[in-house]
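Peer 1: Below you'll find run_6.tsv; it's TSV, C-alpha atoms.
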chain	number	residue	atom	x	y	z
C	1	MET	CA	60.63	12.73	112.06
C	2	ILE	CA	63.00	12.16	109.15
C	3	ALA	CA	60.02	12.00	106.79
C	4	LEU	CA	58.72	15.31	108.16
C	5	GLN	CA	62.15	16.88	107.76
C	6	ALA	CA	62.46	15.66	104.17
C	7	PHE	CA	58.94	16.91	103.45
C	8	ILE	CA	59.60	20.41	104.78
C	9	LEU	CA	62.98	20.61	103.00
C	10	LEU	CA	61.24	19.84	99.71
C	11	PHE	CA	58.63	22.49	100.45
C	12	VAL	CA	61.32	25.08	101.23
C	13	ALA	CA	63.15	24.26	98.01
C	14	ALA	CA	59.92	24.61	96.02
C	15	ALA	CA	59.01	27.89	97.72
C	16	GLY	CA	62.52	29.29	97.19
C	17	THR	CA	62.23	28.52	93.50
C	18	ALA	CA	58.79	30.14	93.46
C	19	VAL	CA	60.28	33.33	94.94
C	20	VAL	CA	62.86	33.49	92.15
C	21	PHE	CA	60.30	32.85	89.42
C	22	THR	CA	57.90	35.50	90.69
C	23	ARG	CA	58.97	38.52	88.68
C	24	ASP	CA	56.57	41.22	89.86
C	25	PRO	CA	58.08	42.79	93.02
C	26	THR	CA	54.73	43.31	94.75
C	27	SER	CA	53.68	39.68	94.42
C	28	GLN	CA	57.25	38.67	95.22
C	29	ALA	CA	56.90	40.36	98.62
C	30	ILE	CA	53.89	38.15	99.36
C	31	VAL	CA	55.63	34.99	98.11
C	32	VAL	CA	58.75	35.77	100.14
C	33	SER	CA	56.52	36.15	103.21
C	34	PHE	CA	55.13	32.66	102.62
C	35	TYR	CA	58.67	31.38	102.06
C	36	GLY	CA	59.74	32.97	105.37
C	37	LEU	CA	56.91	31.19	107.15
C	38	LEU	CA	57.99	27.85	105.63
C	39	LEU	CA	61.59	28.50	106.70
C	40	GLY	CA	60.29	29.13	110.22
C	41	ILE	CA	58.45	25.79	110.21
C	42	MET	CA	61.62	24.13	108.89
C	43	PHE	CA	63.69	25.51	111.77
C	44	PHE	CA	61.03	24.30	114.18
C	45	VAL	CA	61.02	20.80	112.67
C	46	PHE	CA	64.82	20.78	113.01
C	47	GLN	CA	64.39	21.58	116.72
C	48	ALA	CA	65.49	25.21	116.76
C	49	PRO	CA	62.39	26.95	118.14
C	50	ASP	CA	64.25	30.16	119.00
C	51	VAL	CA	65.49	30.63	115.47
C	52	ALA	CA	62.06	29.62	114.18
C	53	LEU	CA	60.42	32.44	116.12
C	54	SER	CA	62.93	34.99	114.85
C	55	GLN	CA	62.52	33.68	111.32
C	56	ILE	CA	58.72	33.95	111.47
C	57	VAL	CA	58.68	37.49	112.87
C	58	VAL	CA	61.42	38.77	110.59
C	59	GLY	CA	60.90	36.69	107.45
C	60	ALA	CA	57.12	36.59	107.43
C	61	ILE	CA	56.27	39.99	108.95
C	62	ALA	CA	59.11	42.52	108.99
C	63	LEU	CA	60.86	41.79	105.66
C	64	PRO	CA	57.74	41.74	103.41
C	65	LEU	CA	56.47	44.86	105.19
C	66	MET	CA	59.74	46.72	104.53
C	67	ILE	CA	59.71	45.59	100.88
C	68	MET	CA	56.12	46.78	100.44
C	69	LEU	CA	56.82	50.14	102.09
C	70	ALA	CA	59.97	50.66	100.03
C	71	LEU	CA	58.14	49.73	96.82
C	72	ALA	CA	55.36	52.20	97.59
C	73	ARG	CA	57.97	54.88	98.26
C	74	VAL	CA	59.82	54.20	95.01
C	75	ARG	CA	56.59	54.23	93.00
C	76	LYS	CA	55.58	57.53	94.53
C	77	GLN	CA	58.96	58.97	93.57
C	78	SER	CA	58.70	57.83	89.95
C	79	ARG	CA	55.17	59.22	89.69
C	80	LYS	CA	56.49	62.57	90.87
C	81	HIS	CA	59.13	62.56	88.13
C	82	GLN	CA	56.61	61.73	85.44
C	83	ARG	CA	54.59	64.83	86.16
I	84	MET	CA	79.14	43.13	78.90
I	85	THR	CA	77.90	40.91	76.09
I	86	ARG	CA	75.74	37.87	76.61
I	87	ARG	CA	78.65	35.52	75.83
I	88	ILE	CA	80.94	37.03	78.44
I	89	ARG	CA	78.17	37.02	80.98
I	90	GLN	CA	77.49	33.35	80.33
I	91	LYS	CA	81.18	32.47	80.66
I	92	PHE	CA	81.40	34.48	83.85
I	93	PHE	CA	78.37	32.64	85.24
I	94	LEU	CA	79.69	29.19	84.31
I	95	PHE	CA	83.06	29.96	85.88
I	96	SER	CA	81.47	31.23	89.12
I	97	ALA	CA	79.00	28.34	89.27
I	98	ALA	CA	81.82	25.80	88.88
I	99	ALA	CA	83.84	27.50	91.62
I	100	LEU	CA	80.79	27.55	93.91
I	101	ALA	CA	80.05	23.87	93.23
I	102	LEU	CA	83.67	23.01	94.08
I	103	CYS	CA	83.49	24.93	97.36
I	104	PHE	CA	80.18	23.23	98.19
I	105	VAL	CA	81.60	19.74	97.67
I	106	TRP	CA	84.70	20.65	99.63
I	107	GLY	CA	82.64	22.11	102.47
I	108	TYR	CA	80.13	19.25	102.64
I	109	ARG	CA	82.79	16.53	102.81
I	110	ASP	CA	83.73	17.30	106.40
I	111	LEU	CA	80.22	17.87	107.72
I	112	PRO	CA	79.05	15.48	110.45
I	113	PRO	CA	76.40	12.94	109.34
I	114	PHE	CA	72.80	14.18	109.20
I	115	GLY	CA	71.00	14.34	112.54
I	116	GLN	CA	73.95	13.30	114.71
I	117	VAL	CA	75.40	16.64	115.60
I	118	THR	CA	76.43	17.27	119.18
I	119	SER	CA	79.13	19.90	119.31
I	120	ILE	CA	81.33	20.28	122.37
I	121	TYR	CA	80.15	23.86	122.73
I	122	ALA	CA	76.46	22.85	122.76
I	123	ASP	CA	77.08	20.26	125.48
I	124	LYS	CA	78.96	22.78	127.61
I	125	VAL	CA	76.24	25.43	127.24
I	126	ASN	CA	73.48	22.94	128.04
I	127	ALA	CA	75.40	21.86	131.13
I	128	ILE	CA	75.88	25.34	132.61
I	129	THR	CA	72.76	27.37	131.77
I	130	VAL	CA	70.45	25.87	134.39
I	131	PRO	CA	72.85	25.40	137.33
I	132	GLN	CA	74.86	28.60	136.80
I	133	ARG	CA	72.26	30.98	135.37
I	134	HIS	CA	68.85	29.46	136.29
I	135	ILE	CA	67.81	29.93	132.64
I	136	THR	CA	65.99	27.09	130.89
I	137	ASP	CA	66.32	28.52	127.36
I	138	ALA	CA	69.95	27.98	126.43
I	139	VAL	CA	69.74	30.31	123.42
I	140	THR	CA	68.66	33.24	125.60
I	141	ALA	CA	71.38	32.41	128.14
I	142	VAL	CA	74.01	32.60	125.40
I	143	ASN	CA	72.58	35.70	123.72
I	144	PHE	CA	71.88	37.88	126.73
I	145	ASP	CA	74.38	36.65	129.29
I	146	ILE	CA	77.30	34.53	128.12
I	147	ARG	CA	77.88	36.70	125.04
I	148	GLY	CA	75.69	39.60	126.10
I	149	PHE	CA	78.13	42.17	124.75
I	150	ASP	CA	77.73	40.85	121.18
I	151	THR	CA	73.97	41.20	121.47
I	152	LEU	CA	74.42	44.80	122.58
I	153	GLY	CA	76.12	45.36	119.23
I	154	GLU	CA	73.28	43.59	117.43
I	155	GLU	CA	70.71	45.76	119.16
I	156	PHE	CA	72.59	48.86	118.02
I	157	ILE	CA	72.71	47.59	114.43
I	158	LEU	CA	68.93	47.78	114.48
I	159	PHE	CA	68.99	51.12	116.31
I	160	THR	CA	71.36	52.64	113.74
I	161	SER	CA	69.33	51.28	110.82
I	162	VAL	CA	66.15	52.81	112.22
I	163	MET	CA	67.99	56.11	112.74
I	164	GLY	CA	69.20	55.92	109.14
I	165	VAL	CA	65.70	55.40	107.78
I	166	VAL	CA	64.29	58.22	109.91
I	167	LEU	CA	67.12	60.52	108.84
I	168	LEU	CA	66.66	59.74	105.14
I	169	MET	CA	62.90	60.15	105.29
I	170	ARG	CA	62.80	63.28	107.44
I	171	ARG	CA	60.84	66.27	106.23
I	172	THR	CA	63.08	69.07	105.04
I	173	LYS	CA	62.22	72.75	105.35
I	174	ASP	CA	61.02	73.18	101.78
I	175	GLU	CA	58.61	70.27	102.08
I	176	PRO	CA	55.39	71.51	103.62
I	177	ALA	CA	53.65	69.37	106.19
I	178	GLY	CA	50.92	67.24	104.68
I	179	ASP	CA	47.43	66.78	105.99
I	180	HIS	CA	47.98	63.01	106.11
I	181	GLU	CA	45.31	62.20	103.57
I	182	ASP	CA	45.96	59.72	100.82
I	183	LYS	CA	45.88	61.89	97.69
I	184	VAL	CA	47.79	59.77	95.21
I	185	GLN	CA	46.18	60.27	91.83
I	186	GLY	CA	44.97	57.29	89.88
I	187	ARG	CA	44.84	55.06	92.90
I	188	ASN	CA	41.45	54.08	94.16
I	189	VAL	CA	41.91	52.84	97.66
I	190	PRO	CA	38.88	50.73	98.50
I	191	PRO	CA	37.38	51.56	101.90
I	192	VAL	CA	38.35	49.16	104.64
I	193	SER	CA	35.58	46.61	104.99
I	194	ASP	CA	33.81	46.12	108.30
I	195	ALA	CA	34.99	42.52	108.44
I	196	VAL	CA	38.65	43.65	108.29
I	197	ARG	CA	38.02	46.38	110.86
I	198	VAL	CA	36.38	44.07	113.38
I	199	THR	CA	38.91	41.26	112.91
I	200	THR	CA	41.97	43.49	113.28
I	201	LEU	CA	40.41	45.39	116.20
I	202	LEU	CA	39.80	42.10	118.01
I	203	LEU	CA	43.35	40.94	117.26
I	204	ILE	CA	45.16	44.01	118.64
I	205	ALA	CA	44.85	43.26	122.35
I	206	PRO	CA	45.79	39.55	122.08
I	207	THR	CA	48.77	40.50	119.87
I	208	ILE	CA	50.09	42.99	122.43
I	209	LEU	CA	49.59	40.46	125.22
I	210	PHE	CA	51.34	37.74	123.21
I	211	GLY	CA	54.21	40.11	122.37
I	212	TRP	CA	54.85	40.97	126.00
I	213	TYR	CA	54.48	37.29	126.90
I	214	ILE	CA	57.25	36.39	124.44
I	215	VAL	CA	59.43	39.26	125.73
I	216	ALA	CA	58.91	38.39	129.40
I	217	HIS	CA	59.43	34.64	129.02
I	218	GLY	CA	62.69	34.86	127.09
I	219	GLN	CA	64.66	33.14	129.83
I	220	VAL	CA	62.14	30.31	130.26
I	221	THR	CA	60.92	29.41	126.77
I	222	PRO	CA	62.05	30.25	123.21
I	223	GLY	CA	61.61	33.92	122.40
I	224	GLY	CA	62.83	37.13	123.96
I	225	GLY	CA	63.13	40.82	123.30
I	226	PHE	CA	63.83	40.69	119.57
I	227	GLN	CA	61.02	38.30	118.63
I	228	GLY	CA	58.51	39.76	121.08
I	229	GLY	CA	59.39	43.28	119.96
I	230	VAL	CA	58.49	42.57	116.35
I	231	ILE	CA	55.23	40.92	117.45
I	232	LEU	CA	54.41	44.05	119.48
I	233	SER	CA	55.10	46.30	116.51
I	234	SER	CA	52.78	44.18	114.36
I	235	ALA	CA	50.01	45.25	116.75
I	236	ALA	CA	50.66	48.82	115.57
I	237	LEU	CA	50.33	47.61	111.98
I	238	LEU	CA	46.95	46.10	112.86
I	239	LEU	CA	45.94	49.46	114.30
I	240	TYR	CA	46.77	51.07	110.94
I	241	LEU	CA	44.86	48.39	109.04
I	242	CYS	CA	41.64	48.84	111.02
I	243	GLY	CA	41.56	52.62	110.90
I	244	THR	CA	42.84	55.56	108.92
I	245	TYR	CA	46.36	56.94	108.88
I	246	PRO	CA	45.60	60.13	110.91
I	247	LYS	CA	43.96	58.03	113.61
I	248	PHE	CA	46.91	55.64	113.61
I	249	ARG	CA	49.30	58.53	113.93
I	250	GLY	CA	47.28	59.98	116.78
I	251	ALA	CA	47.26	56.70	118.64
I	252	ALA	CA	50.92	55.88	117.94
I	253	ALA	CA	52.23	59.23	119.27
I	254	PRO	CA	55.57	59.53	117.37
I	255	ARG	CA	57.24	61.55	120.12
I	256	LEU	CA	56.45	58.86	122.69
I	257	ILE	CA	57.67	56.13	120.34
I	258	GLU	CA	60.98	57.95	119.85
I	259	ILE	CA	61.45	58.22	123.60
I	260	ALA	CA	60.55	54.54	124.03
I	261	GLU	CA	63.16	53.55	121.45
I	262	ALA	CA	65.85	55.63	123.11
I	263	VAL	CA	64.95	54.29	126.57
I	264	GLY	CA	65.05	50.73	125.24
I	265	ALA	CA	68.45	51.19	123.60
I	266	ALA	CA	69.86	52.93	126.68
I	267	GLY	CA	68.33	50.29	128.99
I	268	TYR	CA	70.73	47.60	127.77
I	269	ILE	CA	73.73	49.80	128.54
I	270	ILE	CA	72.23	50.86	131.87
I	271	VAL	CA	71.85	47.22	132.93
I	272	GLY	CA	75.47	46.59	131.89
I	273	GLY	CA	76.62	49.72	133.69
I	274	ALA	CA	74.69	48.77	136.83
I	275	CYS	CA	76.72	45.55	136.93
I	276	VAL	CA	79.90	47.65	136.85
I	277	ALA	CA	78.47	49.88	139.62
I	278	LEU	CA	77.77	46.77	141.71
I	279	GLY	CA	81.44	45.88	141.46
I	280	GLY	CA	81.40	43.39	138.62
I	281	MET	CA	82.31	43.50	134.94
I	282	PHE	CA	80.14	45.03	132.19
I	283	LEU	CA	77.01	42.85	131.83
I	284	GLU	CA	78.25	40.37	134.43
I	285	ASN	CA	75.13	38.70	135.84
I	286	LEU	CA	75.22	39.89	139.45
I	287	LEU	CA	71.51	40.11	140.29
I	288	PRO	CA	69.83	37.34	142.31
I	289	LEU	CA	69.18	34.50	139.89
I	290	GLY	CA	65.73	33.57	141.25
I	291	LYS	CA	63.90	30.27	140.97
I	292	THR	CA	64.55	28.36	137.73
I	293	GLY	CA	61.58	28.43	135.35
I	294	THR	CA	59.91	31.55	136.72
I	295	LEU	CA	59.51	35.05	135.28
I	296	THR	CA	62.04	36.51	137.71
I	297	SER	CA	64.75	33.94	137.02
I	298	GLY	CA	67.97	34.73	135.19
I	299	GLY	CA	69.17	37.84	137.05
I	300	THR	CA	69.85	40.62	134.53
I	301	VAL	CA	68.46	38.67	131.54
I	302	PRO	CA	64.75	39.60	131.95
I	303	PHE	CA	65.69	43.27	132.35
I	304	ILE	CA	67.79	43.22	129.20
I	305	ASN	CA	64.96	41.47	127.37
I	306	LEU	CA	62.48	44.14	128.45
I	307	ALA	CA	64.83	46.87	127.19
I	308	VAL	CA	65.39	45.07	123.88
I	309	GLY	CA	61.65	44.43	123.48
I	310	LEU	CA	60.93	48.12	123.95
I	311	GLU	CA	63.69	49.15	121.54
I	312	VAL	CA	62.72	46.71	118.79
I	313	SER	CA	58.99	47.37	118.92
I	314	ALA	CA	59.46	51.15	119.04
I	315	GLY	CA	62.03	50.98	116.22
I	316	PHE	CA	59.69	49.08	113.91
I	317	VAL	CA	56.73	51.34	114.69
I	318	LEU	CA	58.96	54.35	113.97
I	319	ILE	CA	59.92	52.95	110.56
I	320	LEU	CA	56.26	52.29	109.82
I	321	LEU	CA	55.39	55.86	110.84
I	322	VAL	CA	58.01	57.59	108.70
I	323	TYR	CA	57.26	55.47	105.63
I	324	LEU	CA	53.51	55.99	105.89
I	325	GLU	CA	54.08	59.70	106.55
I	326	GLU	CA	56.03	59.93	103.30
I	327	LEU	CA	53.43	58.05	101.31
I	328	MET	CA	50.51	60.06	102.62
I	329	GLU	CA	52.13	63.37	101.82
I	330	GLU	CA	51.67	63.22	98.09
I	331	LYS	CA	50.98	66.76	97.02
I	332	GLU	CA	49.02	67.82	93.99
I	333	SER	CA	51.51	70.18	92.41
Before anything else, please render the file you have as structure tokens.
Peer 2:
Amino acid sequence: MIALQAFILLFVAAAGTAVVFTRDPTSQAIVVSFYGLLLGIMFFVFQAPDVALSQIVVGAIALPLMIMLALARVRKQSRKHQR
Amino acid sequence: MTRRIRQKFFLFSAAALALCFVWGYRDLPPFGQVTSIYADKVNAITVPQRHITDAVTAVNFDIRGFDTLGEEFILFTSVMGVVLLMRRTKDEPAGDHEDKVQGRNVPPVSDAVRVTTLLLIAPTILFGWYIVAHGQVTPGGGFQGGVILSSAALLLYLCGTYPKFRGAAAPRLIEIAEAVGAAGYIIVGGACVALGGMFLENLLPLGKTGTLTSGGTVPFINLAVGLEVSAGFVLILLVYLEELMEEKES
């Protein structure tokens, strides 16, 4: 169990770093979704299934979706101004 | 701000943060041996006093149910804010919901994606309601199940076109569902007052532990929250997509 916990902690640290080093916002939304999924697994491994479920639905589905929608909205706006 | 000042500012903040970290970590209990008094107390009372096997749900929707009411309304207000910001003003003509953004070639949705998402919709809705309905028995509840339910609407968008999605999602109905869900929580709390108890006091029959009807008011609150959360997310999806599809060629 300890080994599994250490393993997932390392993964989360790596994925968190990956989120920071991804500079393009669109790809960042995808990476942050993957990071949210890993966080969910981490919570599960640390025996918090309730939080894990919330983390997966919010971190892996809702948050990336909102980022993508907001990005599309902002891009549309800037295209309008260019014309 | 020059680069030098910025660097100094960063170093100063990082040092302060590191200090706080060390200070905070010193008094933490050893790894993996945490049993707080509060956790023991909650574990001891949820099954005998509430007939709820998921302690987290018992705390969220019963023991501190009033806090969760506030949380639900945080989401409700945020959704209202988004809808208000994105609303169509009088000088913006209604669009015909076709994607007309110039310079963007949207590839047609492949048959494989269509079939896969179409097949996934029904199981997703079923799973969402399962999570909502079993909040008091297993991990999950209205918030988690609600988001899962709204992802079914996203699948609907992915397997079809926006006009079809809009037709199926029926914005007016979604708005009503969100309002009913938000009001449902208060109605359950108010019903407890009407029955002679305090606001959100669990007065309904508690039922048999481990069944769908156990937990008294908790399953009702979860249903209301599930409805509110799923409708809220679908509403956000609708207004954003509406905005994006309305690109006009001026």
Peer 1: Using all atoms listed in the file, find each residue of chain I with at least one atom at most 9 Å away from an atom of chain C; report its shortest atom-to-atom pair and that distance in Å (one decimal), sort the rows by chain and rising residue number, and return the result as a Markdown table.
Peer 2:
| residue | atom | partner | partner_atom | distance |
| --- | --- | --- | --- | --- |
| I:Gly115 | CA | C:Phe46 | CA | 8.9 |
| I:Asp137 | CA | C:Asp50 | CA | 8.8 |
| I:Val139 | CA | C:Asp50 | CA | 7.0 |
| I:Thr140 | CA | C:Asp50 | CA | 8.5 |
| I:Val184 | CA | C:Lys76 | CA | 8.1 |
| I:Thr221 | CA | C:Asp50 | CA | 8.5 |
| I:Pro222 | CA | C:Asp50 | CA | 4.8 |
| I:Gly223 | CA | C:Asp50 | CA | 5.7 |
| I:Gly224 | CA | C:Asp50 | CA | 8.7 |
| I:Phe226 | CA | C:Ser54 | CA | 7.5 |
| I:Gln227 | CA | C:Ser54 | CA | 5.4 |
| I:Gly228 | CA | C:Val57 | CA | 8.5 |
| I:Val230 | CA | C:Val57 | CA | 6.2 |
| I:Ile231 | CA | C:Val57 | CA | 6.7 |
| I:Ser234 | CA | C:Ile61 | CA | 7.7 |
| I:Phe316 | CA | C:Ala62 | CA | 8.2 |
| I:Ile319 | CA | C:Met66 | CA | 8.7 |
| I:Leu320 | CA | C:Leu69 | CA | 8.0 |
| I:Tyr323 | CA | C:Leu69 | CA | 6.4 |
| I:Leu324 | CA | C:Leu69 | CA | 7.7 |
| I:Glu326 | CA | C:Arg73 | CA | 7.4 |
| I:Leu327 | CA | C:Arg73 | CA | 6.3 |
| I:Glu330 | CA | C:Lys76 | CA | 7.8 |
| I:Ser333 | CA | C:Arg83 | CA | 8.8 |
Peer 1: Considering all atoms listed in the file, can you say which of I:Thr151, I:Ser233, I:Ser119, I:Ser161 comes closest to I:Val317?
Peer 2: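 Using all atoms listed in the file, I:Val317 sits closest to I:Ser233.
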Peer 1: What is the distance between atom CA of I:Ser313 and atom CA of I:Leu232, in Å to one decimal?
Peer 2: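 Atom CA of I:Leu232 lies at a distance of 5.7 Å from atom CA of I:Ser313.
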Peer 1: Taking all atoms of stretch 49-66 of chain C that the file lists, what box with edges along x, y and z, padded by 5 Å per side, do you get, with centre and edge lengths in Å to one decimal, as lines of an AutoDock Vina configuration file?
Peer 2:
center_x = 60.9
center_y = 36.8
center_z = 111.2
size_x = 19.2
size_y = 29.8
size_z = 25.6
Peer 1: Atom CA of C:Pro64 to atom CA of C:Ser27: how many Å, to one decimal?
Peer 2: 10.1 Å
Peer 1: For a quick check of understanding, using only C-alpha atoms, which of C:Ala29, C:Ala14, C:Leu71, C:Leu4 has the smallest distance to C:Ile41?
Peer 2: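 Using only C-alpha atoms, C:Ile41 sits closest to C:Leu4.
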Peer 1: Restricting the calculation to only C-alpha atoms, which member of C:Ala60, C:Met42, C:Val31, C:Leu37 is positioned closest to C:Leu9?
Peer 2: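 Residue with the minimum atom-to-atom distance to C:Leu9: C:Met42.
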Peer 1: Identify which of the residues I:Met328, I:Thr129, I:Leu241, I:Asn143 lies closest to I:Ala195, counting only C-alpha atoms when measuring atom-to-atom distances.
Peer 2: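 That would be I:Leu241, the residue with the smallest distance to I:Ala195.
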